[in-house]
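For reference, the structure discussed in these notes is given below.
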Amino acid sequence: MMEKLREISFDSFKDKEKNDSYIVIKQAYHHNLKNVSLKIPKNKMIVFTGVSRSGKSSLISETLKPLLENKINNCDNLVGQYSDISGYESIDKVIDVSQDPIGRTPRSNPATYVGLFDKIRRVFAKTDYEVSHNMDADFFSFNSTKGRCPYCEGQGQIKDL
């Protein structure tokens, strides 16, 4: 006689709506930020994107990062204006991974050195659209002719001579 297979709900693995599963920052005002409030999920890879001068650096590099460093690492950084922050209490350290080049090319940084981008590219290449269009991980690399900009050749800018 066959045993009945136990069903496992994937919902049990998801973060539940708890105050400590998010970092919440309220009413951030700094440069282009005007009364910005947001909930940032913890234990997830989060990406902030937007057009130039939309406030990404003001929010992350000049408000959230120095604020968390002050509260968690006992630093004394200047912080953009905000009214409240919560959800950081269970975080034990803030680590800033530099994007500065570690070699002669701006494409070589700590994330490329430890293979982080390789893993991210493989995840992107497994999405439905990319699989159906035969796009492999090279399509997400600025070190590959498939993925880099043909004008700046993956340098991020065109330098005038």
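Quick note on naming: the chains in the structure tokens go A, B, ... in the order shown, residues restart at 1 in each chain, and ligands are numbered from 1 in order of appearance.
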ask   = When DSSP works through the backbone of this structure, what residues of stretch 41-130 of chain A end up as helix (DSSP H, G or I), shown as an MDAnalysis selection string?
value = chainID A and resid 56:73 110:113 116:125 128:130
query = If we count only C-alpha atoms, what is near A:Ile46 at a cut-off of 12 Å, once residues fewer than 6 positions away on the same chain are taken out, given as a list of chain:residue names?
reply =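 Contacts, in chain order: A:Tyr22, A:Ile23, A:Lys39, A:Ile40, A:Ile60.
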Could you save those same residues with N, CA and C atoms as a compact mmCIF listing (two decimals), in the first residue's frame?
```
# COMPACT_ATOMS: atom_id res chain seq x y z
N TYR A 22 11.13 43.74 8.02
CA TYR A 22 11.35 44.90 7.16
C TYR A 22 12.15 45.96 7.91
N ILE A 23 12.90 46.72 7.15
CA ILE A 23 13.43 47.98 7.66
C ILE A 23 12.48 49.05 7.13
N LYS A 39 9.21 50.51 3.01
CA LYS A 39 9.49 49.28 3.74
C LYS A 39 10.43 48.46 2.87
N ILE A 40 11.58 48.11 3.41
CA ILE A 40 12.58 47.33 2.68
C ILE A 40 12.61 45.93 3.29
N ILE A 60 19.94 55.70 -0.27
CA ILE A 60 20.74 54.57 0.23
C ILE A 60 22.07 55.03 0.80
```
query = Can you list, as a ChimeraX atom specification, every protein, DNA or RNA residue that comes within 10 Å of A:Asn35 when you count only C-alpha atoms, leaving out same-chain residues fewer than 2 positions away?
reply = /A:26-30,32-33,37,81-83
Among the residues A:Thr112, A:His31, A:Gln157, A:Asn43, the one that comes closest to A:Val79 [using only C-alpha atoms] = A:His31
ask   = So what do you get for atom CA of A:Ile91 versus atom CA of A:Ile72, distance-wise?
value =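 Pair atom CA of A:Ile91 / atom CA of A:Ile72 returns 7.4 Å.
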task = Can you check which residues of chain A DSSP gives as strand (DSSP E) on the backbone and send them as a PyMOL selection string?
result = chain A and resi 22-30+33-41+84-86
Can I get the selection written as an mmCIF file, in the first residue's frame, with N, CA and C atoms?
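After the write, result25.cif holds the following:
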```cif
data_model
loop_
_atom_site.group_PDB
_atom_site.id
_atom_site.type_symbol
_atom_site.label_atom_id
_atom_site.label_comp_id
_atom_site.auth_asym_id
_atom_site.auth_seq_id
_atom_site.Cartn_x
_atom_site.Cartn_y
_atom_site.Cartn_z
ATOM 1 N N TYR A 22 11.130 43.737 8.024
ATOM 2 C CA TYR A 22 11.349 44.903 7.160
ATOM 3 C C TYR A 22 12.150 45.956 7.908
ATOM 4 N N ILE A 23 12.898 46.721 7.147
ATOM 5 C CA ILE A 23 13.431 47.983 7.664
ATOM 6 C C ILE A 23 12.479 49.046 7.129
ATOM 7 N N VAL A 24 11.967 49.866 8.011
ATOM 8 C CA VAL A 24 11.017 50.908 7.615
ATOM 9 C C VAL A 24 11.656 52.254 7.899
ATOM 10 N N ILE A 25 11.747 53.076 6.876
ATOM 11 C CA ILE A 25 12.234 54.442 7.063
ATOM 12 C C ILE A 25 11.107 55.374 6.644
ATOM 13 N N LYS A 26 10.882 56.405 7.445
ATOM 14 C CA LYS A 26 9.760 57.311 7.211
ATOM 15 C C LYS A 26 10.244 58.737 6.965
ATOM 16 N N GLN A 27 9.583 59.366 6.039
ATOM 17 C CA GLN A 27 9.745 60.788 5.722
ATOM 18 C C GLN A 27 11.200 61.202 5.516
ATOM 19 N N ALA A 28 11.862 60.555 4.577
ATOM 20 C CA ALA A 28 13.231 60.935 4.236
ATOM 21 C C ALA A 28 13.206 62.184 3.356
ATOM 22 N N TYR A 29 13.993 63.168 3.752
ATOM 23 C CA TYR A 29 14.163 64.415 2.994
ATOM 24 C C TYR A 29 15.656 64.619 2.815
ATOM 25 N N HIS A 30 16.133 64.519 1.610
ATOM 26 C CA HIS A 30 17.557 64.765 1.372
ATOM 27 C C HIS A 30 17.738 64.968 -0.125
ATOM 28 N N LEU A 33 14.976 63.783 -2.438
ATOM 29 C CA LEU A 33 13.981 63.033 -1.677
ATOM 30 C C LEU A 33 13.065 64.010 -0.951
ATOM 31 N N LYS A 34 11.782 63.852 -1.152
ATOM 32 C CA LYS A 34 10.793 64.724 -0.504
ATOM 33 C C LYS A 34 9.732 63.850 0.139
ATOM 34 N N ASN A 35 9.832 63.667 1.449
ATOM 35 C CA ASN A 35 8.839 62.900 2.211
ATOM 36 C C ASN A 35 8.718 61.462 1.704
ATOM 37 N N VAL A 36 9.840 60.783 1.519
ATOM 38 C CA VAL A 36 9.861 59.402 1.027
ATOM 39 C C VAL A 36 9.838 58.443 2.212
ATOM 40 N N SER A 37 8.854 57.548 2.211
ATOM 41 C CA SER A 37 8.756 56.496 3.223
ATOM 42 C C SER A 37 8.717 55.162 2.503
ATOM 43 N N LEU A 38 9.406 54.146 3.058
ATOM 44 C CA LEU A 38 9.385 52.840 2.413
ATOM 45 C C LEU A 38 9.675 51.725 3.391
ATOM 46 N N LYS A 39 9.211 50.512 3.014
ATOM 47 C CA LYS A 39 9.486 49.277 3.736
ATOM 48 C C LYS A 39 10.429 48.462 2.873
ATOM 49 N N ILE A 40 11.579 48.106 3.414
ATOM 50 C CA ILE A 40 12.582 47.329 2.682
ATOM 51 C C ILE A 40 12.614 45.927 3.294
ATOM 52 N N PRO A 41 12.253 44.904 2.527
ATOM 53 C CA PRO A 41 12.291 43.540 3.083
ATOM 54 C C PRO A 41 13.712 43.145 3.461
ATOM 55 N N ASP A 84 11.742 58.749 11.156
ATOM 56 C CA ASP A 84 11.780 57.548 11.983
ATOM 57 C C ASP A 84 12.355 56.383 11.187
ATOM 58 N N ILE A 85 12.958 55.448 11.915
ATOM 59 C CA ILE A 85 13.421 54.194 11.309
ATOM 60 C C ILE A 85 13.126 53.066 12.293
ATOM 61 N N SER A 86 12.717 51.922 11.762
ATOM 62 C CA SER A 86 12.459 50.757 12.617
ATOM 63 C C SER A 86 12.805 49.496 11.839
#
```
inquiry  = So, with only C-alpha atoms as the atoms that count, which of A:Lys56, A:Pro150, A:Thr127, A:Asp92 lies closest to A:Leu68?
reply    =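 Once distances to A:Leu68 are computed over only C-alpha atoms, the minimum belongs to A:Asp92.
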